[in-house]
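K.L.:
Following this message is one structure expressed as structure tokens.
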Amino acid sequence: INSDYGPIIININDICIGKFISHLGYWAKDDIELIKQLIDFLLTKKDSITFYDVGSNVGTHALAIGKTYGNKVKVRAFEAQRQVFNMLCGTVALNGLNNIFCHNLAISDGSFSKIKIPLPNYFEANNFGGLELIPPLRSDNQKMLIDNSEDVNTATLDDFNETVDFIKIDIEGMEDKAFSGAKYILNTHRPICFVEIEKTNVEYLIDLFKG
């Protein structure tokens, strides 16, 4: 469908992000506007930056940032659900965005391993973006209709061994694990971090950032 930032592929059964886009034009508009203000600030200091979209889902943040800034911002978009990842890649292709790099990975605290993740029933009404790959501290998606499971490769953010200027992360309770695997990035590059904390170990994250 057409969105505020161009054509985007959604699942018509998605009762959250997909529904917002189809009814209101986009998802997380306020968050994206704040992120753009922060990127504008970063671009006063550097000609180009690298933006990590961890838990990209169908690519709303990646599309908005990639479309707005072009080659001034390199985007890495990480999505663990293969079916959703395929929609993300399709949206990037439809919009001709060569500054977005898509990765079908579960970002965690360990590399080169696999975790078995539950798969939603993509043909029934579900909040696909709320899928919890592992049991979080606080779940809000117990009504998810699970259909199957499959293995997904894991990686750490440090594996990419590059300068990172901004990390947006929303991975349903695995945020603490992801930042545990990003200590080199945090210590070396001091990126701006925009983090969902609803389901994760907030105390760990606060201590980590204080350190």
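Residue names in the structure tokens use chain letters A, B, ... in the order shown, residue numbers from 1 in each chain, and ligand numbers from 1 in the order shown.
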Mind the document's chain letters and residue numbers, and return as number ranges by chain the residues of range 114-185 of chain A that DSSP labels alpha helix (DSSP H).

P.N.:
A: 175-180, 183-185

K.L.:
Using only C-alpha atoms, determine which residues lie at most 7 Å from Ile49 in chain A, disregarding the query and same-chain residues fewer than 5 positions distant; provide the list as JSON, numbers by chain.

P.N.:
{"A": [72, 73, 74, 165]}

K.L.:
Leaving out Asn95 in chain A and any residue of its chain fewer than 6 positions from it, which residues lie within 10 Å of it when counting only C-alpha atoms, given as a PyMOL selection string?

P.N.:
chain A and resi 5-8+63+66-67

K.L.:
Counting only C-alpha atoms, which of A:Lys168, A:Thr154, A:Met144, A:Leu105 gets nearest to Asp31 in chain A?

P.N.:
A:Lys168

K.L.:
Take CA of Leu186 in chain A and CA of Lys210 in chain A and report the distance between them in Å, one decimal.

P.N.:
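Atom-to-atom, CA of Leu186 in chain A and CA of Lys210 in chain A are spaced 11.1 Å apart.
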